[in-house]
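**Student:** Let me begin by handing over the structure; questions about it come next.
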Amino acid sequence: MKKTFQIKTDKRIQTTDITAMVQDLIDPGYEGICVVYTPHTTTAIGINEGADPDVASDIERTLANLFPKDGDYRHFEGNSDSHLKSILTGPSETIIIENGKLVLGQWQSIYFCEFDGPRTRNVYVRLLAD
Amino acid sequence: MKKTFQIKTDKRIQTTDITAMVQDLIDPGYEGICVVYTPHTTTAIGINEGADPDVASDIERTLANLFPKDGDYRHFEGNSDSHLKSILTGPSETIIIENGKLVLGQWQSIYFCEFDGPRTRNVYVRLLAD
Amino acid sequence: MKKTFQIKTDKRIQTTDITAMVQDLIDPGYEGICVVYTPHTTTAIGINEGADPDVASDIERTLANLFPKDGDYRHFEGNSDSHLKSILTGPSETIIIENGKLVLGQWQSIYFCEFDGPRTRNVYVRLLAD
C-alpha cells in the first residue's frame, strides 16, 4: 500500500527537503526500491544537493527566468510556467533501499518542488520488495 | 511480461493522453507499480494536466521556442531539438497502482509526447507487484 | 542488493554510453525491471540515441548555452549549471528487462551524463523481479 504525507508550502516557488519524511516510512531491514510521487500537476519530485541551500535557490531562480510566469501562454489559470517546470523535473523519483535505508549519495536530498504555492500538498511513497 | 500498444501521431509535435490505454492493461485488484516506457529517442512519457488542452499546447510551444528545430546542431537528421526534449522529459514514468487503478492526482494524465512525428510509435507497460 | 560500477570521466561535460556495463550485470533469463541510479548531484542518467555521437554533443552544447557556467548563481562552488542539468535530466532511469535483456529501443542507449568532471563516479544498478 502507498503511504502519504503532507507538505504545507509558504511561497509560490519553494523547494522542501523531504528526505527524512520518506526515510521515516521505511521499516528497519527493508530491501527493495521506493517510488516517491507527487499527484499534483504544478509540483515535482527532484533529487539534488541539500547541504547548501543556494543550490536549490539557484535552480528556482534560473527556472523562473527560463519560464517566466507572464510568458506567452494560453492556459487561463496563469500557471503554465509551473506546469512546464513540473513536467521537466518530473512527478517522481525511484530510489534504492538497502537494509532499511534510502541509498542516496552523500550530498543528495529528495526535494519536494512547489511551483505554484502556497498550498497543502500530498506526497505518496510506495515501497516495493523483491 | 511487458505489454505494448501503439500510438499513431499526426503532427511533428503532439501530446496524446494515454491514461485510459495504460489503465486498460491493469487487472482488477492489482497492487504494485507500473512502468510506462517509450522505446524511441525523439518521444517521451510525461505526466501533467489533462483537463485543459491549453496546458499541453503551452508546453509544446514553449519547448519549441527554447529548442528551435533549426538551431545550431550537427546531427544530420535535423531533429536534435526532438532528442533534447526527449531526454529532458524522459522516456518513462513509474506510477503506483492500488486495487487495480493507477494512482494519479485529480488533474494528472499520462502524456505520450511526440517530438518528431508523424509516425507510428510503441509504448511498453510493465507491471510489477510485491 | 544493488550492484555498483565506476566511470572515469575526462572532461567537464561528457556523455558516456553505459548500456553494456548495465547489461553485463543482468543474469540470463532475468525478468523484471532495473533502476540505474547515480548518487552524485552534478551528474545524471539519461536515455537517448547512441548511434550518432552528434546527438549527445548537440545535447551537451545546447544545455551549456541554456545554463552557462558563469550565469547569475550564488552557490559558491561555481557549478550551479551542473546541478541544474542534473535535476532536469534526472538521477535515474527505470528499464524493463525481458529474458535477461534490457528492453531498449533500436536507437536507445543509456547515458551517464557528467556535468562537472573530470572525476571518478559511481553508478548503482538495482534489479527487481516479480
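For the C-alpha cells, the naming scheme is as follows: chains receive sequential letters (A, B, ...) according to their order of presentation, residues are indexed from 1 within each chain, and ligands are indexed from 1 in presentation order.
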What does chain A look like after a least-squares fit onto chain C on every Cα paired in order, written as a compact mmCIF listing (two decimals) with N, CA, C and O atoms, in the first residue's frame?

**Tutor:**
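Saved file superposed04.txt follows:
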```txt
# COMPACT_ATOMS: atom_id res chain seq x y z
N MET A 1 20.21 -6.89 -3.78
CA MET A 1 21.30 -5.95 -3.48
C MET A 1 21.65 -5.12 -4.72
O MET A 1 21.59 -5.62 -5.84
N LYS A 2 22.05 -3.93 -4.47
CA LYS A 2 22.47 -3.11 -5.61
C LYS A 2 23.86 -3.53 -6.05
O LYS A 2 24.66 -4.08 -5.29
N LYS A 3 24.10 -3.29 -7.33
CA LYS A 3 25.42 -3.52 -7.90
C LYS A 3 26.01 -2.16 -8.26
O LYS A 3 25.26 -1.21 -8.53
N THR A 4 27.31 -2.05 -8.27
CA THR A 4 27.96 -0.75 -8.48
C THR A 4 29.06 -0.89 -9.53
O THR A 4 29.77 -1.88 -9.55
N PHE A 5 29.14 0.10 -10.41
CA PHE A 5 30.36 0.19 -11.23
C PHE A 5 30.80 1.64 -11.28
O PHE A 5 30.06 2.54 -10.91
N GLN A 6 32.03 1.82 -11.74
CA GLN A 6 32.60 3.16 -11.77
C GLN A 6 32.84 3.65 -13.20
O GLN A 6 33.10 2.86 -14.10
N ILE A 7 32.75 4.96 -13.31
CA ILE A 7 33.02 5.66 -14.57
C ILE A 7 34.08 6.70 -14.29
O ILE A 7 33.94 7.47 -13.34
N LYS A 8 35.09 6.75 -15.11
CA LYS A 8 36.11 7.81 -15.01
C LYS A 8 35.84 8.78 -16.15
O LYS A 8 35.90 8.38 -17.31
N THR A 9 35.53 10.02 -15.83
CA THR A 9 35.27 10.99 -16.90
C THR A 9 36.51 11.85 -17.12
O THR A 9 37.30 12.08 -16.19
N ASP A 10 36.68 12.33 -18.35
CA ASP A 10 37.89 13.06 -18.75
C ASP A 10 37.66 14.55 -18.92
O ASP A 10 38.61 15.32 -19.02
N LYS A 11 36.39 14.93 -19.04
CA LYS A 11 36.08 16.33 -19.35
C LYS A 11 35.04 16.87 -18.37
O LYS A 11 34.43 16.12 -17.64
N ARG A 12 34.84 18.17 -18.40
CA ARG A 12 33.81 18.75 -17.50
C ARG A 12 32.43 18.23 -17.87
O ARG A 12 31.64 17.86 -17.01
N ILE A 13 32.13 18.21 -19.17
CA ILE A 13 30.83 17.74 -19.64
C ILE A 13 31.08 16.60 -20.61
O ILE A 13 31.77 16.76 -21.60
N GLN A 14 30.51 15.43 -20.29
CA GLN A 14 30.84 14.25 -21.08
C GLN A 14 29.73 13.21 -20.96
O GLN A 14 29.35 12.83 -19.85
N THR A 15 29.26 12.73 -22.08
CA THR A 15 28.24 11.70 -22.11
C THR A 15 28.91 10.36 -22.39
O THR A 15 29.64 10.22 -23.37
N THR A 16 28.68 9.36 -21.53
CA THR A 16 29.27 8.03 -21.70
C THR A 16 28.16 7.00 -21.87
O THR A 16 27.22 6.97 -21.08
N ASP A 17 28.27 6.18 -22.89
CA ASP A 17 27.29 5.11 -23.12
C ASP A 17 27.60 3.96 -22.16
O ASP A 17 28.64 3.31 -22.27
N ILE A 18 26.69 3.72 -21.21
CA ILE A 18 26.91 2.67 -20.19
C ILE A 18 25.99 1.47 -20.40
O ILE A 18 25.87 0.63 -19.50
N THR A 19 25.38 1.36 -21.56
CA THR A 19 24.43 0.28 -21.81
C THR A 19 25.05 -1.10 -21.57
O THR A 19 24.47 -1.94 -20.86
N ALA A 20 26.23 -1.31 -22.12
CA ALA A 20 26.86 -2.64 -21.99
C ALA A 20 27.23 -2.94 -20.55
O ALA A 20 27.12 -4.08 -20.08
N MET A 21 27.64 -1.91 -19.81
CA MET A 21 28.01 -2.11 -18.39
C MET A 21 26.79 -2.50 -17.56
O MET A 21 26.90 -3.31 -16.64
N VAL A 22 25.64 -1.91 -17.88
CA VAL A 22 24.41 -2.29 -17.16
C VAL A 22 23.97 -3.70 -17.58
O VAL A 22 23.68 -4.56 -16.73
N GLN A 23 23.98 -3.96 -18.87
CA GLN A 23 23.56 -5.28 -19.38
C GLN A 23 24.38 -6.40 -18.75
O GLN A 23 23.85 -7.47 -18.44
N ASP A 24 25.68 -6.15 -18.57
CA ASP A 24 26.57 -7.18 -18.01
C ASP A 24 26.18 -7.60 -16.59
O ASP A 24 26.61 -8.66 -16.12
N LEU A 25 25.39 -6.77 -15.90
CA LEU A 25 25.01 -7.09 -14.51
C LEU A 25 23.76 -7.95 -14.41
O LEU A 25 23.33 -8.32 -13.32
N ILE A 26 23.14 -8.27 -15.57
CA ILE A 26 21.85 -8.96 -15.57
C ILE A 26 22.05 -10.43 -15.91
O ILE A 26 22.65 -10.76 -16.94
N ASP A 27 21.52 -11.30 -15.05
CA ASP A 27 21.65 -12.74 -15.29
C ASP A 27 20.78 -13.20 -16.45
O ASP A 27 19.70 -12.64 -16.68
N PRO A 28 21.22 -14.23 -17.19
CA PRO A 28 20.41 -14.78 -18.28
C PRO A 28 19.02 -15.17 -17.77
O PRO A 28 18.90 -15.71 -16.66
N GLY A 29 18.01 -14.84 -18.52
CA GLY A 29 16.66 -15.25 -18.17
C GLY A 29 15.94 -14.36 -17.18
O GLY A 29 14.76 -14.58 -16.88
N TYR A 30 16.62 -13.33 -16.67
CA TYR A 30 16.00 -12.47 -15.65
C TYR A 30 14.78 -11.75 -16.23
O TYR A 30 14.78 -11.29 -17.37
N GLU A 31 13.72 -11.65 -15.40
CA GLU A 31 12.49 -10.94 -15.78
C GLU A 31 12.19 -9.89 -14.73
O GLU A 31 12.12 -10.21 -13.54
N GLY A 32 12.00 -8.65 -15.13
CA GLY A 32 11.65 -7.62 -14.15
C GLY A 32 11.98 -6.24 -14.66
O GLY A 32 11.74 -5.91 -15.83
N ILE A 33 12.53 -5.42 -13.77
CA ILE A 33 12.96 -4.07 -14.15
C ILE A 33 14.34 -3.83 -13.56
O ILE A 33 14.80 -4.58 -12.69
N CYS A 34 15.01 -2.81 -14.04
CA CYS A 34 16.21 -2.35 -13.34
C CYS A 34 16.18 -0.84 -13.20
O CYS A 34 15.70 -0.13 -14.07
N VAL A 35 16.70 -0.39 -12.05
CA VAL A 35 16.85 1.03 -11.77
C VAL A 35 18.34 1.34 -11.88
O VAL A 35 19.15 0.74 -11.18
N VAL A 36 18.68 2.27 -12.78
CA VAL A 36 20.07 2.72 -12.95
C VAL A 36 20.15 4.10 -12.32
O VAL A 36 19.40 5.01 -12.71
N TYR A 37 21.04 4.26 -11.35
CA TYR A 37 20.99 5.42 -10.45
C TYR A 37 22.38 6.02 -10.24
O TYR A 37 23.34 5.29 -9.98
N THR A 38 22.47 7.34 -10.32
CA THR A 38 23.74 8.00 -9.99
C THR A 38 23.61 8.74 -8.66
O THR A 38 22.67 9.52 -8.46
N PRO A 39 24.54 8.50 -7.72
CA PRO A 39 24.43 9.11 -6.39
C PRO A 39 25.07 10.50 -6.30
O PRO A 39 25.22 11.01 -5.19
N HIS A 40 25.40 11.10 -7.43
CA HIS A 40 26.07 12.41 -7.42
C HIS A 40 25.07 13.50 -7.82
O HIS A 40 24.10 13.24 -8.52
N THR A 41 25.35 14.74 -7.39
CA THR A 41 24.38 15.83 -7.63
C THR A 41 24.75 16.69 -8.84
O THR A 41 24.04 17.66 -9.13
N THR A 42 25.82 16.33 -9.53
CA THR A 42 26.17 17.06 -10.75
C THR A 42 26.36 16.09 -11.92
O THR A 42 27.15 16.33 -12.83
N THR A 43 25.62 14.98 -11.86
CA THR A 43 25.60 14.01 -12.95
C THR A 43 24.14 13.60 -13.16
O THR A 43 23.28 13.98 -12.37
N ALA A 44 23.88 12.81 -14.19
CA ALA A 44 22.52 12.32 -14.43
C ALA A 44 22.60 11.03 -15.21
O ALA A 44 23.64 10.68 -15.78
N ILE A 45 21.48 10.30 -15.19
CA ILE A 45 21.31 9.14 -16.08
C ILE A 45 20.24 9.53 -17.09
O ILE A 45 19.15 9.99 -16.73
N GLY A 46 20.55 9.35 -18.38
CA GLY A 46 19.58 9.65 -19.43
C GLY A 46 19.50 8.50 -20.40
O GLY A 46 20.31 7.56 -20.35
N ILE A 47 18.51 8.54 -21.26
CA ILE A 47 18.41 7.55 -22.33
C ILE A 47 18.17 8.32 -23.63
O ILE A 47 17.27 9.15 -23.70
N ASN A 48 19.03 8.05 -24.63
CA ASN A 48 18.81 8.67 -25.93
C ASN A 48 19.67 7.97 -26.97
O ASN A 48 20.21 6.90 -26.70
N GLU A 49 19.75 8.58 -28.16
CA GLU A 49 20.41 7.91 -29.27
C GLU A 49 21.90 7.69 -29.03
O GLU A 49 22.63 8.62 -28.67
N GLY A 50 22.36 6.46 -29.27
CA GLY A 50 23.75 6.13 -29.13
C GLY A 50 24.48 5.99 -30.45
O GLY A 50 25.71 5.95 -30.48
N ALA A 51 23.74 5.92 -31.56
CA ALA A 51 24.36 5.62 -32.85
C ALA A 51 25.21 6.78 -33.37
O ALA A 51 26.36 6.59 -33.75
N ASP A 52 24.65 7.98 -33.40
CA ASP A 52 25.39 9.14 -33.91
C ASP A 52 25.86 9.98 -32.72
O ASP A 52 25.03 10.58 -32.03
N PRO A 53 27.16 10.07 -32.47
CA PRO A 53 27.65 10.84 -31.32
C PRO A 53 27.30 12.32 -31.40
O PRO A 53 27.36 13.02 -30.38
N ASP A 54 26.93 12.82 -32.58
CA ASP A 54 26.50 14.22 -32.69
C ASP A 54 25.25 14.50 -31.87
O ASP A 54 25.02 15.64 -31.46
N VAL A 55 24.41 13.49 -31.63
CA VAL A 55 23.21 13.71 -30.83
C VAL A 55 23.62 14.12 -29.41
O VAL A 55 23.17 15.14 -28.88
N ALA A 56 24.51 13.33 -28.80
CA ALA A 56 24.94 13.66 -27.44
C ALA A 56 25.67 15.00 -27.41
O ALA A 56 25.47 15.80 -26.50
N SER A 57 26.49 15.29 -28.42
CA SER A 57 27.22 16.56 -28.38
C SER A 57 26.28 17.73 -28.62
O SER A 57 26.47 18.81 -28.05
N ASP A 58 25.24 17.55 -29.44
CA ASP A 58 24.23 18.61 -29.59
C ASP A 58 23.51 18.87 -28.26
O ASP A 58 23.25 20.03 -27.91
N ILE A 59 23.19 17.80 -27.54
CA ILE A 59 22.53 17.95 -26.23
C ILE A 59 23.46 18.68 -25.26
O ILE A 59 23.07 19.65 -24.60
N GLU A 60 24.72 18.24 -25.21
CA GLU A 60 25.69 18.87 -24.29
C GLU A 60 25.84 20.36 -24.58
O GLU A 60 25.81 21.19 -23.67
N ARG A 61 25.99 20.71 -25.86
CA ARG A 61 26.24 22.10 -26.24
C ARG A 61 25.01 22.98 -26.03
O ARG A 61 25.12 24.12 -25.54
N THR A 62 23.82 22.46 -26.36
CA THR A 62 22.61 23.26 -26.19
C THR A 62 22.34 23.51 -24.72
O THR A 62 21.97 24.63 -24.32
N LEU A 63 22.54 22.50 -23.88
CA LEU A 63 22.33 22.70 -22.43
C LEU A 63 23.38 23.66 -21.86
O LEU A 63 23.09 24.44 -20.95
N ALA A 64 24.60 23.62 -22.42
CA ALA A 64 25.64 24.55 -21.95
C ALA A 64 25.27 25.99 -22.30
O ALA A 64 25.54 26.92 -21.53
N ASN A 65 24.63 26.19 -23.45
CA ASN A 65 24.19 27.54 -23.81
C ASN A 65 23.02 27.99 -22.92
O ASN A 65 22.93 29.17 -22.55
N LEU A 66 22.13 27.05 -22.62
CA LEU A 66 20.94 27.38 -21.82
C LEU A 66 21.33 27.69 -20.38
O LEU A 66 20.74 28.59 -19.74
N PHE A 67 22.29 26.93 -19.84
CA PHE A 67 22.71 27.10 -18.45
C PHE A 67 24.22 27.35 -18.43
O PHE A 67 25.01 26.44 -18.17
N PRO A 68 24.64 28.59 -18.74
CA PRO A 68 26.09 28.85 -18.83
C PRO A 68 26.76 28.69 -17.46
O PRO A 68 26.15 28.95 -16.43
N LYS A 69 28.01 28.22 -17.51
CA LYS A 69 28.76 28.02 -16.26
C LYS A 69 28.85 29.31 -15.44
O LYS A 69 28.79 29.27 -14.21
N ASP A 70 28.99 30.44 -16.12
CA ASP A 70 29.17 31.70 -15.39
C ASP A 70 27.89 32.52 -15.36
O ASP A 70 27.92 33.74 -15.50
N GLY A 71 26.77 31.85 -15.16
CA GLY A 71 25.49 32.54 -15.04
C GLY A 71 25.38 33.26 -13.69
O GLY A 71 26.33 33.30 -12.91
N ASP A 72 24.21 33.78 -13.42
CA ASP A 72 23.97 34.55 -12.19
C ASP A 72 23.59 33.59 -11.06
O ASP A 72 22.42 33.39 -10.74
N TYR A 73 24.60 32.96 -10.46
CA TYR A 73 24.36 31.96 -9.42
C TYR A 73 25.01 32.40 -8.12
O TYR A 73 26.00 33.13 -8.12
N ARG A 74 24.49 31.89 -7.01
CA ARG A 74 25.04 32.21 -5.68
C ARG A 74 25.88 31.09 -5.10
O ARG A 74 26.72 31.31 -4.24
N HIS A 75 25.62 29.85 -5.52
CA HIS A 75 26.31 28.68 -4.94
C HIS A 75 27.82 28.84 -5.12
O HIS A 75 28.30 29.05 -6.24
N PHE A 76 28.56 28.74 -4.03
CA PHE A 76 29.98 29.13 -4.00
C PHE A 76 30.89 28.23 -4.83
O PHE A 76 32.01 28.61 -5.15
N GLU A 77 30.42 27.04 -5.18
CA GLU A 77 31.32 26.11 -5.86
C GLU A 77 31.43 26.35 -7.36
O GLU A 77 32.21 25.68 -8.04
N GLY A 78 30.60 27.26 -7.89
CA GLY A 78 30.71 27.60 -9.31
C GLY A 78 30.20 26.53 -10.25
O GLY A 78 30.58 26.48 -11.43
N ASN A 79 29.36 25.63 -9.73
CA ASN A 79 28.85 24.56 -10.60
C ASN A 79 27.31 24.46 -10.56
O ASN A 79 26.76 23.38 -10.69
N SER A 80 26.65 25.61 -10.37
CA SER A 80 25.19 25.57 -10.34
C SER A 80 24.62 25.13 -11.68
O SER A 80 23.56 24.51 -11.74
N ASP A 81 25.31 25.46 -12.77
CA ASP A 81 24.87 24.97 -14.09
C ASP A 81 24.80 23.44 -14.09
O ASP A 81 23.89 22.85 -14.67
N SER A 82 25.75 22.79 -13.42
CA SER A 82 25.80 21.33 -13.38
C SER A 82 24.63 20.78 -12.56
O SER A 82 23.99 19.79 -12.95
N HIS A 83 24.34 21.42 -11.43
CA HIS A 83 23.20 20.98 -10.60
C HIS A 83 21.89 21.12 -11.39
O HIS A 83 21.02 20.25 -11.30
N LEU A 84 21.75 22.19 -12.14
CA LEU A 84 20.53 22.40 -12.94
C LEU A 84 20.35 21.30 -13.97
O LEU A 84 19.26 20.72 -14.12
N LYS A 85 21.40 21.00 -14.70
CA LYS A 85 21.31 19.96 -15.73
C LYS A 85 21.05 18.60 -15.09
O LYS A 85 20.34 17.75 -15.64
N SER A 86 21.62 18.40 -13.89
CA SER A 86 21.43 17.13 -13.18
C SER A 86 19.97 16.93 -12.77
O SER A 86 19.39 15.86 -12.99
N ILE A 87 19.36 17.95 -12.18
CA ILE A 87 17.98 17.76 -11.69
C ILE A 87 17.01 17.65 -12.87
O ILE A 87 16.01 16.93 -12.79
N LEU A 88 17.28 18.35 -13.98
CA LEU A 88 16.35 18.28 -15.11
C LEU A 88 16.47 16.96 -15.88
O LEU A 88 15.47 16.39 -16.31
N THR A 89 17.68 16.46 -16.05
CA THR A 89 17.84 15.16 -16.73
C THR A 89 17.43 14.03 -15.78
O THR A 89 16.84 13.04 -16.22
N GLY A 90 17.72 14.19 -14.53
CA GLY A 90 17.27 13.24 -13.51
C GLY A 90 18.33 12.21 -13.14
O GLY A 90 19.15 11.81 -13.98
N PRO A 91 18.32 11.73 -11.88
CA PRO A 91 19.38 10.86 -11.40
C PRO A 91 19.21 9.39 -11.75
O PRO A 91 20.08 8.59 -11.42
N SER A 92 18.10 9.02 -12.37
CA SER A 92 17.90 7.58 -12.62
C SER A 92 17.05 7.33 -13.86
O SER A 92 16.35 8.21 -14.34
N GLU A 93 17.13 6.11 -14.34
CA GLU A 93 16.19 5.60 -15.34
C GLU A 93 15.75 4.22 -14.89
O GLU A 93 16.53 3.48 -14.28
N THR A 94 14.50 3.89 -15.20
CA THR A 94 13.96 2.56 -14.90
C THR A 94 13.68 1.87 -16.22
O THR A 94 12.98 2.41 -17.08
N ILE A 95 14.26 0.68 -16.40
CA ILE A 95 14.20 0.00 -17.69
C ILE A 95 13.64 -1.42 -17.50
O ILE A 95 14.02 -2.12 -16.54
N ILE A 96 12.80 -1.82 -18.41
CA ILE A 96 12.21 -3.16 -18.37
C ILE A 96 13.26 -4.19 -18.79
O ILE A 96 14.09 -3.92 -19.66
N ILE A 97 13.23 -5.37 -18.15
CA ILE A 97 14.12 -6.48 -18.54
C ILE A 97 13.25 -7.67 -18.94
O ILE A 97 12.35 -8.05 -18.20
N GLU A 98 13.54 -8.24 -20.11
CA GLU A 98 12.85 -9.45 -20.55
C GLU A 98 13.89 -10.50 -20.94
O GLU A 98 14.78 -10.20 -21.75
N ASN A 99 13.72 -11.67 -20.37
CA ASN A 99 14.61 -12.79 -20.70
C ASN A 99 16.08 -12.39 -20.60
O ASN A 99 16.89 -12.70 -21.46
N GLY A 100 16.41 -11.66 -19.54
CA GLY A 100 17.79 -11.28 -19.28
C GLY A 100 18.32 -10.12 -20.08
O GLY A 100 19.51 -9.77 -19.95
N LYS A 101 17.48 -9.50 -20.90
CA LYS A 101 17.95 -8.39 -21.75
C LYS A 101 17.21 -7.09 -21.40
O LYS A 101 15.98 -7.09 -21.24
N LEU A 102 17.95 -5.99 -21.34
CA LEU A 102 17.35 -4.66 -21.25
C LEU A 102 16.46 -4.44 -22.46
O LEU A 102 16.90 -4.65 -23.60
N VAL A 103 15.22 -4.02 -22.22
CA VAL A 103 14.32 -3.74 -23.35
C VAL A 103 14.48 -2.27 -23.74
O VAL A 103 13.79 -1.39 -23.23
N LEU A 104 15.42 -2.02 -24.62
CA LEU A 104 15.66 -0.67 -25.13
C LEU A 104 15.21 -0.61 -26.58
O LEU A 104 15.20 -1.63 -27.28
N GLY A 105 14.84 0.55 -27.05
CA GLY A 105 14.55 0.71 -28.46
C GLY A 105 15.81 0.59 -29.29
O GLY A 105 16.94 0.65 -28.78
N GLN A 106 15.61 0.40 -30.60
CA GLN A 106 16.72 0.13 -31.52
C GLN A 106 17.83 1.18 -31.42
O GLN A 106 19.01 0.87 -31.54
N TRP A 107 17.46 2.44 -31.19
CA TRP A 107 18.45 3.53 -31.19
C TRP A 107 18.77 4.02 -29.79
O TRP A 107 19.52 4.98 -29.62
N GLN A 108 18.17 3.38 -28.78
CA GLN A 108 18.37 3.88 -27.42
C GLN A 108 19.64 3.33 -26.77
O GLN A 108 19.89 2.12 -26.81
N SER A 109 20.39 4.23 -26.14
CA SER A 109 21.49 3.85 -25.26
C SER A 109 21.25 4.50 -23.90
O SER A 109 20.58 5.52 -23.81
N ILE A 110 21.82 3.90 -22.86
CA ILE A 110 21.79 4.52 -21.53
C ILE A 110 23.01 5.42 -21.43
O ILE A 110 24.14 4.97 -21.65
N TYR A 111 22.77 6.68 -21.12
CA TYR A 111 23.84 7.67 -20.99
C TYR A 111 24.19 7.90 -19.51
O TYR A 111 23.29 8.12 -18.70
N PHE A 112 25.48 7.88 -19.18
CA PHE A 112 25.92 8.53 -17.96
C PHE A 112 26.32 9.94 -18.33
O PHE A 112 27.20 10.14 -19.18
N CYS A 113 25.66 10.93 -17.73
CA CYS A 113 25.89 12.33 -18.08
C CYS A 113 26.73 13.00 -17.00
O CYS A 113 26.27 13.22 -15.88
N GLU A 114 27.96 13.29 -17.33
CA GLU A 114 28.86 14.04 -16.44
C GLU A 114 28.69 15.52 -16.74
O GLU A 114 28.82 15.95 -17.89
N PHE A 115 28.36 16.29 -15.71
CA PHE A 115 28.19 17.73 -15.89
C PHE A 115 29.20 18.55 -15.09
O PHE A 115 29.17 19.78 -15.14
N ASP A 116 30.10 17.88 -14.35
CA ASP A 116 31.10 18.63 -13.58
C ASP A 116 32.36 17.80 -13.36
O ASP A 116 32.85 17.67 -12.24
N GLY A 117 32.86 17.23 -14.43
CA GLY A 117 34.06 16.40 -14.36
C GLY A 117 35.30 17.25 -14.58
O GLY A 117 35.22 18.47 -14.62
N PRO A 118 36.44 16.58 -14.79
CA PRO A 118 36.60 15.12 -14.74
C PRO A 118 36.64 14.61 -13.31
O PRO A 118 37.23 15.23 -12.44
N ARG A 119 36.00 13.44 -13.12
CA ARG A 119 35.99 12.80 -11.80
C ARG A 119 35.80 11.29 -11.98
O ARG A 119 35.46 10.81 -13.05
N THR A 120 35.96 10.56 -10.88
CA THR A 120 35.57 9.16 -10.85
C THR A 120 34.19 9.09 -10.20
O THR A 120 33.99 9.64 -9.11
N ARG A 121 33.26 8.44 -10.88
CA ARG A 121 31.86 8.45 -10.46
C ARG A 121 31.34 7.04 -10.27
O ARG A 121 31.82 6.10 -10.92
N ASN A 122 30.33 6.89 -9.43
CA ASN A 122 29.67 5.60 -9.21
C ASN A 122 28.33 5.55 -9.92
O ASN A 122 27.63 6.56 -10.02
N VAL A 123 27.98 4.35 -10.38
CA VAL A 123 26.63 4.09 -10.88
C VAL A 123 26.09 2.89 -10.12
O VAL A 123 26.79 1.88 -9.98
N TYR A 124 24.88 3.00 -9.59
CA TYR A 124 24.23 1.90 -8.89
C TYR A 124 23.17 1.29 -9.80
O TYR A 124 22.45 2.00 -10.49
N VAL A 125 23.07 -0.02 -9.76
CA VAL A 125 22.03 -0.72 -10.53
C VAL A 125 21.30 -1.67 -9.57
O VAL A 125 21.92 -2.50 -8.91
N ARG A 126 19.98 -1.54 -9.50
CA ARG A 126 19.18 -2.44 -8.67
C ARG A 126 18.17 -3.15 -9.57
O ARG A 126 17.36 -2.50 -10.23
N LEU A 127 18.25 -4.47 -9.60
CA LEU A 127 17.29 -5.28 -10.34
C LEU A 127 16.13 -5.62 -9.42
O LEU A 127 16.33 -5.81 -8.22
N LEU A 128 14.94 -5.71 -9.97
CA LEU A 128 13.76 -6.07 -9.16
C LEU A 128 12.87 -6.98 -10.00
O LEU A 128 12.49 -6.64 -11.13
N ALA A 129 12.56 -8.14 -9.44
CA ALA A 129 11.74 -9.13 -10.14
C ALA A 129 10.36 -9.18 -9.52
O ALA A 129 10.12 -8.67 -8.43
N ASP A 130 9.47 -9.80 -10.19
CA ASP A 130 8.10 -10.01 -9.68
C ASP A 130 8.12 -10.89 -8.43
O ASP A 130 8.93 -11.80 -8.33
```

**Student:** Please identify the strand (DSSP E) residues within range 38-76 of chain B (assignment by DSSP from backbone atoms) and present them as a VMD selection string.

**Tutor:** chain B and resid 43 to 49

**Student:** Write to file, as a tab-separated table (two decimals), in the first residue's frame, the residues of the selection just made, with all heavy atoms.

**Tutor:**
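Wrote result06.tsv, looks like this:
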```
chain	number	residue	atom	x	y	z
B	43	THR	N	10.77	10.84	-28.57
B	43	THR	CA	9.47	10.89	-27.89
B	43	THR	C	9.74	10.86	-26.39
B	43	THR	O	10.88	10.66	-25.97
B	43	THR	CB	8.58	9.68	-28.26
B	43	THR	OG1	9.19	8.48	-27.75
B	43	THR	CG2	8.40	9.57	-29.77
B	44	ALA	N	8.70	11.03	-25.60
B	44	ALA	CA	8.86	10.95	-24.14
B	44	ALA	C	7.53	10.56	-23.52
B	44	ALA	O	6.48	10.62	-24.17
B	44	ALA	CB	9.32	12.29	-23.58
B	45	ILE	N	7.61	10.13	-22.27
B	45	ILE	CA	6.42	9.93	-21.45
B	45	ILE	C	6.44	10.99	-20.35
B	45	ILE	O	7.46	11.15	-19.66
B	45	ILE	CB	6.38	8.52	-20.81
B	45	ILE	CG1	6.51	7.42	-21.87
B	45	ILE	CG2	5.10	8.34	-19.99
B	45	ILE	CD1	5.36	7.30	-22.85
B	46	GLY	N	5.34	11.72	-20.21
B	46	GLY	CA	5.25	12.74	-19.18
B	46	GLY	C	3.94	12.59	-18.43
B	46	GLY	O	3.07	11.82	-18.82
B	47	ILE	N	3.84	13.31	-17.32
B	47	ILE	CA	2.58	13.35	-16.58
B	47	ILE	C	2.27	14.81	-16.30
B	47	ILE	O	3.13	15.54	-15.78
B	47	ILE	CB	2.68	12.55	-15.27
B	47	ILE	CG1	2.79	11.05	-15.57
B	47	ILE	CG2	1.49	12.83	-14.36
B	47	ILE	CD1	2.92	10.15	-14.36
B	48	ASN	N	1.06	15.25	-16.70
B	48	ASN	CA	0.66	16.61	-16.38
B	48	ASN	C	-0.84	16.76	-16.60
B	48	ASN	O	-1.54	15.75	-16.76
B	48	ASN	CB	1.46	17.65	-17.15
B	48	ASN	CG	1.69	18.92	-16.33
B	48	ASN	OD1	0.89	19.85	-16.35
B	48	ASN	ND2	2.76	18.92	-15.54
B	49	GLU	N	-1.31	18.00	-16.59
B	49	GLU	CA	-2.76	18.24	-16.62
B	49	GLU	C	-3.39	17.79	-17.94
B	49	GLU	O	-2.91	18.14	-19.02
B	49	GLU	CB	-3.04	19.73	-16.40
B	49	GLU	CG	-4.53	19.99	-16.50
B	49	GLU	CD	-4.96	21.38	-16.12
B	49	GLU	OE1	-4.29	22.03	-15.31
B	49	GLU	OE2	-6.01	21.82	-16.63
```

**Student:** Determine which residues of range 5-123 of chain C receive a DSSP assignment of helix (DSSP H, G or I), computed from the backbone, and state them as a PyMOL selection string.

**Tutor:** chain C and resi 19-23+53-66+80-89
